[in-house]
Amino acid sequence: MIFLSLSLSLAAAQRLPEIARPENYQLYFTPDLESATFGGDETIAIQVLKPTTEITLNAADIDFHQVTITSGHTAQSAKVMPEKENEMVVLSVEKPVPAGPATIHIAYSGTLNSEMRGFYLGKDDQGRKYAATQFEATDARRAFPSFDEPDYKATFDITTTADKGMVAISNQKVVSDTPGPGDKHTIRFATTPKMSAYLAALVVGNFEYIEGEADGIPIRVYATPGKKEMGRFALEAASNIMKYYNHYFGIKYPYGKLDLVGLPDFSAGAMENTGCITFREVILLIDEKQGSAELKKEISEVIAHEMAHQWFGDLVTMKWWDDIWLNEGFATWMESKPVEAWKPEWNVDLDDVSAAGDALNVDSLANTRPIRQAAETPAQITELFDGIAYGKAAAVLRMLESYLGEETFRAGVNAYLKEHQYGNATAADFWDAQARTSRKPVDKIMPTWVTQSGAPIVNVKAQCSGDSTAVSVSQQRYYYDRSKFESPNDELWQIPLCMKGSGSDMTKCELLTKKEDTVNLPGCSTWVLANAGATGYYRSGYEPNAVRAMARDAETKLTPAERIALQADIWASVQVGREPVGDYLALAQGLQSDRNRAVVEDLVERLGYIEKYLVSDTDRDSYRAWMRQLLTPELNEVGWEPKPGDTDEQKDLRSRLFIALGYDARDPKAMAEAREIADRTLADPASVDREMAFGALPVAALNGNSSFYDRLIAAMKDTKSPEEYYLYFSTLPHFGDPKLLERTLEYAVSPEVRSQDALHLITGVLRNPAGQQLAWDFIRQHWSDVEKAGGPFASAEVVGATGVFCDAELRDQVTQFFTAHKVAAAERTYKQSIERISNCIDLKSEQGSQLASWLGQHSTASGR
């Protein structure tokens, strides 16, 4: 991989020349798991667009043995000229190949690598080896020479050999399974529909499956031996999701069968290969009796996301990676719909509101990017898989859906899919379809959100006059950087704006197309909410008196979604100095009797941030006392112990409150309870509610000793489910003892930890105030080991994690280190980390003294 700092004109050389297009690949793989190699025999049927003596393919880490190009009755041996820096090969022949049909036959070999990309080697818990593929974004070329760009769609005929007793899984059904060669057997799969090369898939190894169906589509969940029964929940989820999507989309699931495959070694969370979705096994397999509701929700949403891709991304694929949001944004927007219909009690719609807030956090940085972002090199493409492609794109689609109406938006979606099925599309294709269907100016609205960076804040001033309220609204780009925020900027968005006031239940929606405007609302209102329904992707700015009035009325007059958005808006005003931090804490007090899981979850997360970054050492005890005073009555009401009949939301709420009290507020009762729950969990995991175990173990680790640490390590070697393993594993970064955190860091890069999990431990210690300097020193001293861990996204994850620092000296160290050790797929991520550190330093400087003053007044008031 080459560095991102290469100029775009040079990077553009990594695009294939438009000389030929593939129509069909015939691929024959012979993996040898013991030697970690594979042989390949490939025939590509192509259409040559103009006479040529050279055809260029993508290829990386491939050894070519023989290449023949045939056109008509003329077959020519081709000379192979590698262009390693571009991950390409030029196949050259003496006589020009005429325009029209031709074939390329290639005999080659490759390595089953340990990097969890291309065609790679994995191991299950018992040490049994398997081979699997992971091609997105640019790694199909490591398994077979190919036109490895999304616009080059073709059909695939895949055949593989496998050792006796092993199974093979691919995009389509098995059409034959015959003995040989030798003690192996040969599996041939049906021809796929047209698809991009990055969606091809093959898994070979010891796997078992359970089976079901939905609407006549067979569905299987595959797992390594002994684990298939933990796929029951995933099978049920997939069946319900399939039925929902078949009803929602105008096109029935197009790939004949669906396999969900849990892999012990897998770098990403999951991958939407057509008809063969691969997963990290912890987000596919669950012990239904002991498993947490949180994991069930995550499994459901990940399955829904990857299944949505079968339409968005697979059936209709973006023409180039600059429109990756057409894949990931759509799937993220869509994933909550079937889950909400199936499990309404989980309130996943509220998680969408929180997720929009997370996306706004990224978009408030000067070093954000537009949804549609140019990218040419593999490194640039990899960095596009970020919070903008997923979170922002989903939030903008959700806002557009609200503006057009659900059924109108759905009609536009289906028109887009029908028009481009089995083909490729651009952003303009999508919004043109929506504009035609809705007869609204979607083609004018969407470019303002897709092609420019950042997000607006809508400033609101309300003036009551008689029976109506005049609302002055203005928009400007919001930055966390106060100097940029306070400077004039020219960006202009077309904003579907919905407002409601305190004096009426009516919501009024307008399209704000100007920098400033005035809207009249019925009724005399003391405040006006600028994001009614919380469907808008923008921040709202209020006058101080309106903030205080809304805080008083929040629980009675705002929906849970609106309370989540209001919290985020007030916190955004605190971050740029428009509001004192005490106003946010006053809102927290106003929400003290709120028992909505999603509202409380966002609240305690920000309270934890304040404790970690803004409170001085002098005021820490008083802030923690205030947190205990705020949260203890909530936990008392919810109950410290699980009760029969608890809903999944109540279980999760209890766990969140427990962590906030024990970990952030250092509540003595919570810390004592945590130690007792941890002991019971380690003695008998089935005796403890899984949510409470996840809440208690990190709290117990705060004062945990080496004996407790050793028990966790021992417990990890004898677990009954992937979730139980990660319950113990994820506790290791939370210890307060530096010596034990040192053990965690050394353990992370040892052979005992899977490569995909190593960085979770390292970045976890980095986020722990007790281990921050320790982890940072370790990263710098062991950078070569860290770089190798975790697969292609790994080192970028570490670069991003340094954004948790809030210290000028550490910022300088990060700058110095990553200037000397550039990470190709993290150029923007590095800039964002530096910016986050600077913003935190500024916020602490701006709000620290106000926080101390507020705590002083509060302590005095509560003491009287």
# chains A, B, ... in the order shown; residues from 1 in each chain; ligands from 1
$ select_by_dssp --residues "range 240-407 of chain A" --states "helix (DSSP H, G or I)" --output "VMD selection string"
chain A and resid 240 to 248 281 to 283 293 to 309 321 to 323 325 to 342 344 to 346 348 to 363 378 to 383 388 to 404 406 to 407
$ write_last_selection --atoms "C-alpha atoms" --output "short mmCIF file (atom, residue, chain, number, x, y, z; two decimals), in the first residue's frame"
data_model
loop_
_atom_site.label_atom_id
_atom_site.label_comp_id
_atom_site.auth_asym_id
_atom_site.auth_seq_id
_atom_site.Cartn_x
_atom_site.Cartn_y
_atom_site.Cartn_z
CA ASN A 240 -38.01 -12.20 10.12
CA ILE A 241 -35.74 -9.70 8.39
CA MET A 242 -36.02 -11.54 5.06
CA LYS A 243 -39.81 -11.38 5.18
CA TYR A 244 -39.71 -7.68 6.01
CA TYR A 245 -37.33 -6.82 3.16
CA ASN A 246 -39.21 -8.93 0.63
CA HIS A 247 -42.31 -6.92 1.52
CA TYR A 248 -40.59 -3.52 1.71
CA GLU A 281 -18.66 -15.14 15.30
CA VAL A 282 -19.40 -13.07 18.44
CA ILE A 283 -21.96 -11.02 16.49
CA ALA A 293 -30.32 -8.43 25.33
CA GLU A 294 -27.71 -5.95 24.12
CA LEU A 295 -25.95 -8.65 22.08
CA LYS A 296 -29.25 -9.95 20.70
CA LYS A 297 -30.00 -6.44 19.50
CA GLU A 298 -26.53 -6.08 17.99
CA ILE A 299 -26.77 -9.44 16.21
CA SER A 300 -30.19 -8.49 14.81
CA GLU A 301 -29.01 -5.10 13.58
CA VAL A 302 -25.83 -6.44 12.01
CA ILE A 303 -27.77 -9.16 10.20
CA ALA A 304 -30.32 -6.56 9.08
CA HIS A 305 -27.51 -4.29 7.87
CA GLU A 306 -25.79 -7.02 5.84
CA MET A 307 -29.07 -8.34 4.45
CA ALA A 308 -30.06 -4.81 3.39
CA HIS A 309 -26.82 -4.77 1.39
CA TRP A 321 -15.96 4.08 -4.08
CA ASP A 322 -16.60 7.85 -3.80
CA ASP A 323 -20.27 6.87 -3.50
CA TRP A 325 -22.45 5.89 1.13
CA LEU A 326 -24.96 4.47 -1.36
CA ASN A 327 -24.01 1.09 0.14
CA GLU A 328 -23.22 1.79 3.77
CA GLY A 329 -25.50 4.74 4.44
CA PHE A 330 -28.50 2.93 2.98
CA ALA A 331 -27.81 -0.27 4.92
CA THR A 332 -27.32 1.69 8.17
CA TRP A 333 -30.54 3.64 7.60
CA MET A 334 -32.43 0.46 6.72
CA GLU A 335 -31.13 -1.86 9.47
CA SER A 336 -33.38 -0.56 12.25
CA LYS A 337 -36.62 -0.91 10.26
CA PRO A 338 -37.04 -4.72 10.31
CA VAL A 339 -35.69 -4.91 13.87
CA GLU A 340 -38.15 -2.26 15.05
CA ALA A 341 -41.00 -4.17 13.38
CA TRP A 342 -39.88 -7.47 14.93
CA PRO A 344 -40.51 -2.88 19.05
CA GLU A 345 -39.71 -3.17 22.76
CA TRP A 346 -36.01 -2.60 22.01
CA VAL A 348 -34.01 0.88 18.17
CA ASP A 349 -35.52 4.00 16.63
CA LEU A 350 -34.12 5.93 19.60
CA ASP A 351 -30.70 4.44 18.93
CA ASP A 352 -30.95 6.00 15.46
CA VAL A 353 -31.28 9.42 17.11
CA SER A 354 -28.21 8.78 19.25
CA ALA A 355 -26.32 7.54 16.19
CA ALA A 356 -27.12 10.78 14.36
CA GLY A 357 -25.55 12.60 17.30
CA ASP A 358 -22.43 10.44 16.96
CA ALA A 359 -22.21 11.34 13.27
CA LEU A 360 -22.59 15.03 14.10
CA ASN A 361 -19.63 14.68 16.47
CA VAL A 362 -17.44 13.65 13.53
CA ASP A 363 -19.01 16.27 11.27
CA PRO A 378 -6.60 1.37 -1.73
CA ALA A 379 -5.56 3.38 1.33
CA GLN A 380 -7.83 6.29 0.44
CA ILE A 381 -10.70 3.89 -0.26
CA THR A 382 -10.22 2.10 3.08
CA GLU A 383 -10.46 5.40 4.96
CA ILE A 388 -19.62 9.74 7.55
CA ALA A 389 -20.31 6.88 5.11
CA TYR A 390 -22.33 5.00 7.71
CA GLY A 391 -23.74 7.37 10.33
CA LYS A 392 -24.08 10.70 8.55
CA ALA A 393 -25.39 9.19 5.33
CA ALA A 394 -27.99 7.19 7.29
CA ALA A 395 -29.06 10.27 9.28
CA VAL A 396 -29.44 12.37 6.12
CA LEU A 397 -31.55 9.62 4.51
CA ARG A 398 -33.68 9.47 7.67
CA MET A 399 -34.21 13.23 7.48
CA LEU A 400 -35.12 13.01 3.79
CA GLU A 401 -37.56 10.16 4.51
CA SER A 402 -39.26 12.27 7.17
CA TYR A 403 -39.48 15.24 4.80
CA LEU A 404 -40.98 13.22 1.91
CA GLU A 406 -42.27 7.12 4.48
CA GLU A 407 -44.30 5.71 1.59
#
$ residues_around --residues "Asp689 in chain A" --least-positions-apart "6" --cutoff "9 Å" --atoms "only C-alpha atoms" --output "PyMOL selection string"
chain A and resi 290-292+641-642+651+681
$ atom_distance --atom1 "CA of Asn58 in chain A" --atom2 "CA of Thr111 in chain A"
16.4 Å
$ residues_around --residues "Phe735 in chain A" --least-positions-apart "6" --cutoff "7 Å" --atoms "only C-alpha atoms" --output "ChimeraX atom specification"
/A:701-704,741
$ select_by_dssp --residues "range 378-587 of chain A" --states "strand (DSSP E)" --output "PyMOL selection string"
chain A and resi 423-425+456-465+468-477+495-501+507-512+516-522+528-529+539-541
$ closest_residue --among "A:Ile106, A:Ala59, A:Met271, A:Ile762" --to "Ala78 in chain A" --atoms "only C-alpha atoms"
A:Ile106
$ residues_around --residues "Thr368 in chain A" --least-positions-apart "4" --cutoff "8 Å" --atoms "only C-alpha atoms" --output "MDAnalysis selection string"
chainID A and resid 362:364 453:454 828 832
$ residues_around --residues "Glu94 in chain A" --least-positions-apart "2" --cutoff "8 Å" --atoms "only C-alpha atoms" --output "tab-separated table (two decimals) with N, CA and C atoms, in the first residue's frame"
chain	number	residue	atom	x	y	z
A	53	THR	N	-3.07	-4.71	-27.68
A	53	THR	CA	-2.07	-5.75	-27.40
A	53	THR	C	-1.84	-5.89	-25.89
A	76	GLN	N	-3.00	-16.77	-27.83
A	76	GLN	CA	-1.65	-16.22	-27.69
A	76	GLN	C	-1.20	-16.30	-26.24
A	92	SER	N	0.50	-8.79	-21.92
A	92	SER	CA	0.87	-8.27	-23.24
A	92	SER	C	1.00	-9.41	-24.25
A	96	PRO	N	-2.48	-7.75	-31.99
A	96	PRO	CA	-3.63	-7.10	-31.35
A	96	PRO	C	-4.84	-8.03	-31.22
$ atom_distance --atom1 "CA of Leu587 in chain A" --atom2 "CA of Ala551 in chain A"
4.9 Å
$ atom_distance --atom1 "CA of Ala223 in chain A" --atom2 "CA of Ser114 in chain A"
20.2 Å
$ closest_residue --among "A:Ile834, A:Ala162, A:Val48, A:Leu315" --to "Gly182 in chain A" --atoms "only C-alpha atoms"
A:Ala162
$ closest_residue --among "A:Ala234, A:Ala598, A:Thr52, A:Phe249" --to "Leu284 in chain A" --atoms "only C-alpha atoms"
A:Ala234
$ residues_around --residues "Gln134 in chain A" --least-positions-apart "6" --cutoff "7 Å" --atoms "only C-alpha atoms" --output "list in words"
Met116, Arg117, Gly118 and Phe119 of chain A
$ residues_around --residues "Leu759 in chain A" --least-positions-apart "2" --cutoff "12 Å" --atoms "only C-alpha atoms" --output "PDB file with C-alpha atoms, in the first residue's frame"
ATOM      1  CA  SER A 267     -11.186  -8.406  10.734  1.00  0.00           C
ATOM      2  CA  SER A 730     -13.099  -6.884  27.709  1.00  0.00           C
ATOM      3  CA  PRO A 733      -8.207  -2.953  30.072  1.00  0.00           C
ATOM      4  CA  THR A 744      -2.796  -6.612  29.469  1.00  0.00           C
ATOM      5  CA  LEU A 745      -0.647  -4.800  26.916  1.00  0.00           C
ATOM      6  CA  GLU A 746       1.909  -7.621  26.746  1.00  0.00           C
ATOM      7  CA  TYR A 747      -0.909 -10.158  26.523  1.00  0.00           C
ATOM      8  CA  ALA A 748      -2.480  -8.240  23.604  1.00  0.00           C
ATOM      9  CA  VAL A 749       0.487  -8.909  21.304  1.00  0.00           C
ATOM     10  CA  SER A 750       1.042 -12.485  22.481  1.00  0.00           C
ATOM     11  CA  VAL A 753      -4.818 -13.307  21.575  1.00  0.00           C
ATOM     12  CA  ARG A 754      -6.396 -13.414  18.128  1.00  0.00           C
ATOM     13  CA  SER A 755      -5.029 -10.734  15.855  1.00  0.00           C
ATOM     14  CA  GLN A 756      -8.490  -9.214  15.393  1.00  0.00           C
ATOM     15  CA  ASP A 757      -8.804  -8.675  19.183  1.00  0.00           C
ATOM     16  CA  LEU A 761      -7.062  -4.406  24.512  1.00  0.00           C
ATOM     17  CA  ILE A 762      -4.432  -1.839  23.560  1.00  0.00           C
ATOM     18  CA  THR A 763      -6.882   0.967  22.777  1.00  0.00           C
ATOM     19  CA  GLY A 764      -8.933  -0.011  25.852  1.00  0.00           C
ATOM     20  CA  VAL A 765      -5.917   0.631  28.098  1.00  0.00           C
ATOM     21  CA  LEU A 766      -5.298   3.857  26.164  1.00  0.00           C
ATOM     22  CA  ARG A 767      -8.808   5.048  27.086  1.00  0.00           C
ATOM     23  CA  ALA A 775      -0.444   2.352  26.607  1.00  0.00           C
ATOM     24  CA  ILE A 779       2.325   1.597  21.245  1.00  0.00           C
ATOM     25  CA  TRP A 783       4.738  -0.221  16.795  1.00  0.00           C
ATOM     26  CA  ASP A 785       3.762  -5.521  16.444  1.00  0.00           C
ATOM     27  CA  VAL A 786       0.798  -3.147  16.637  1.00  0.00           C
ATOM     28  CA  GLU A 787       0.878  -2.519  12.884  1.00  0.00           C
ATOM     29  CA  LYS A 788       0.640  -6.249  12.173  1.00  0.00           C
ATOM     30  CA  ALA A 789      -2.328  -6.805  14.491  1.00  0.00           C
ATOM     31  CA  GLY A 790      -5.972  -6.681  13.571  1.00  0.00           C
ATOM     32  CA  GLY A 791      -6.091  -6.814   9.791  1.00  0.00           C
ATOM     33  CA  PHE A 793      -8.086  -1.538   9.434  1.00  0.00           C
ATOM     34  CA  ALA A 794      -5.796  -2.028  12.419  1.00  0.00           C
ATOM     35  CA  SER A 795      -3.210   0.716  12.659  1.00  0.00           C
ATOM     36  CA  ALA A 796      -5.815   3.312  11.663  1.00  0.00           C
ATOM     37  CA  GLU A 797      -7.806   2.244  14.747  1.00  0.00           C
ATOM     38  CA  VAL A 798      -4.844   3.109  16.976  1.00  0.00           C
ATOM     39  CA  VAL A 799      -4.385   6.474  15.258  1.00  0.00           C
ATOM     40  CA  GLY A 800      -8.053   7.270  15.939  1.00  0.00           C
ATOM     41  CA  ALA A 801      -7.821   6.149  19.575  1.00  0.00           C
TER      42      ALA A 801
END
$ closest_residue --among "A:Tyr726, A:Tyr25, A:Tyr663, A:Phe430" --to "Ile44 in chain A" --atoms "only C-alpha atoms"
A:Tyr25
